[in-house]
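These notes are about the structure you will find just below.
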Amino acid sequence: MNDLTSISDLPAFRRRGGLRGRSLIPVGGERDVSVNRVPRDILPLPPEETHRSIAWRPGIFGALDIGTTKMTCLIGKGEADGSIQVLGHGWRRSHGIRSGSIVDIREAEAAIRATVGQAEEAAERRMDSLVVNLSCGRPLSRLVDAQIPIGGREVTAGDVQRLIAEGQARAWMEGREVIHTLPIGYVVDSIPGIADPIGHQCEELATRMHVVDMNSSALRTLDAVLQHAELKLDGLVASPFASGISVLAAEERELGVTVVEMGGGTTSLAVFCEGKLLHTAQIRVGGLHVTRDIAGVLSTSLETAERLKTMYGAAQMGSDDQREILSVPLIGENSDRLVRLQRSKVISVIQPRIEETLELVRQSLDNAGLGRLANGRVVLTGGASLLEGIVPVATRILGRPVRMGKPQNIYGLPETAAASAGFSTAAGLLAWAAGADRDFGDISAPEPRPRGLVKRLVGFIRNNV
């Protein structure tokens with residue numbers, strides 16, 4: 001169709017100014033307008049080039065997810081087809097951990113030794129270093145702006161390093177250690193959206209960086225526990241960041257999505273857009289709080305409460321829940337008694353806590369200052385997200401489309417784990433160790449303070465690998 005086509009030759013709906021409401025949906029005996037639609041000449045976009053498989057790092061890598069309720073160690077390697085093969089796994093109950101933080105060094109060390117040892121035995125390989133999840137030390141997420149003068153010449157790699165160092169100096173806070181430094185984009189003389197400024201000529205170079213840091217003392221404690229267990233810290237990755245790597249498609253991260261990882265002691269979230277990690281946050285409420293609520297209200301043990309939650313729990317009431325009767329053992333003076341109660345009683349304890357958690361997630365997203373970037377789809381993952389009926393509840397409370405997420409393109413996880421969200425963080429950590437970190441441009445630049453622990457750790461790793 002050329003630009004001189006007579007208006008009278010166009011279909012009626014186009015003369016009215018385009019599609020309005022349901023104008024193209026045939027009603028009753030009306031004919032389908034698409035039958036006689038005037039064909040249009042359209043210049044389609046060229047087809048996408050075939051996506052190449054991820055170029056994994058050679059070798060075998062280890063990952064350790066230190067959770068409040070369970071610890072998981074995975075040992076594996078990247079395959080040529082872009083997948084990851086788990087060669088050995090260890091999976092045990094956590095001890096010495098509360099809300100993601102180490103509270104008992106000896107118990108935590110023993111649990112880490114047992115978990116890693118189980119994975120090493122299965123893989124028939126000893127691991128000296130591991131990538132570990134960051135959930136302790138009250139991690140904080142901040143956006144930091146930095147700029148440096150260039151003077152009209154060509155931008156060099158050294159200029160980019162100076163710019164990053166300037167941003168890290170601005171981000172430095174007493175008693176905190178920077179874990180992630182993720183440039184969101186560069187600005188060349190007020191022109192935004194520059195992916196790589198090297199080679200551009202400009203007067204001023206600027207960037208906005210996403211910085212994630214943590215309490216220094218918590219990092220020192222974690223490093224000491226790993227050393228006692230004869231392990232080296234090969235890297236730290238924020239838990240929701242790792243989960244996002246394992247459960248999201250690259251196109252989702254490009255279009256905009258929020259991962260909500262519902263763990264045992266904490267619920268954490270990560271916002272992605274245009275392939276970048278824009279924001280993380282942590283809420284100190286998780287599945288263990290639901291278990292404690294059940295145990296307290298029903299006067300039963302934590303073990304029984306966990307079983308009730310896992311086998312009979314749900315995020316919202318169903319029509320048959322009042323007819324299903326459960327037998328629950330009591331604790332205390334009546335420990336030899338069984339009390340009979342409706343399943344709806346258990347759900348009535350679970351539902352308020354789940355709704356409270358999701359409301360805190362919504363509040364965190366609304367307060368993140370990201371505007372529409374935080375309004376995309378939400379992907380729920382983590383062991384505490386496996387409650388029946390949680391997706392419609394989350395959709396209602398968050399006001400966003402919601403789906404469940406599980407690890408993708410990873411094989412050899414613990415039995416039934418391929419369909420479980422409880423191993424998302426561990427799977428993402430292993431992918432990060434194998435090379436997925438290169439997609440996000442995390443910069444391991446020196447800390448602005450010479451005595452920074454991360455600087456010493458990174459220097460030690462570089463000098464001994």
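Following the order of the structure tokens, chains are lettered A, B, ..., residues in each are numbered from 1, and ligands are numbered from 1.
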
Find the nearest atom pair between each residue of stretch 135-174 of chain A and stretch 227-248 of chain A for residues within 12 Å, count only C-alpha atoms, give distances in Å to one decimal, sort rows by chain and ascending number, and present the table as JSON lines.
{"residue": "A:Ser135", "atom": "CA", "partner": "A:Ser239", "partner_atom": "CA", "distance": 6.1}
{"residue": "A:Cys136", "atom": "CA", "partner": "A:Ala238", "partner_atom": "CA", "distance": 9.5}
{"residue": "A:Gly137", "atom": "CA", "partner": "A:Ala238", "partner_atom": "CA", "distance": 11.1}
{"residue": "A:Arg138", "atom": "CA", "partner": "A:Ala238", "partner_atom": "CA", "distance": 10.9}
{"residue": "A:Pro139", "atom": "CA", "partner": "A:Ala238", "partner_atom": "CA", "distance": 8.1}
{"residue": "A:Leu140", "atom": "CA", "partner": "A:Ala238", "partner_atom": "CA", "distance": 10.0}
{"residue": "A:Ser141", "atom": "CA", "partner": "A:Ala238", "partner_atom": "CA", "distance": 10.1}

Give me, as a ChimeraX atom specification, the residues of stretch 173-347 of chain A that a backbone DSSP run labels helix (DSSP H, G or I).
/A:216-228,239-247,250-255,287-298,302-312,332-334,343-347

Residues within 6 Å of A:Ala384, only C-alpha atoms, excluding chain neighbours under 2 positions, as a PyMOL selection string:
chain A and resi 262-263+287+382+386

I need the residue nearest A:Val178 from this list: A:Asp159, A:Asp442, A:Asp321, A:Glu306. Use only C-alpha atoms for the distance.
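Under the stated criterion, the closest residue is A:Asp442.
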
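Distances to A:Val212 were evaluated for A:Ala157, A:Leu64, A:Leu277, A:Val378 using only C-alpha atoms, and the minimum falls at A:Leu277.
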
Pick from A:Arg170, A:Arg162, A:Arg323, A:Arg438 nearest to A:Leu205, counting only C-alpha atoms:
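For A:Leu205, the nearest of the candidates is A:Arg162.
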
Distance atom CA of A:Val144-atom CA of A:Val187, one decimal place?
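A separation of 13.5 Å between them.
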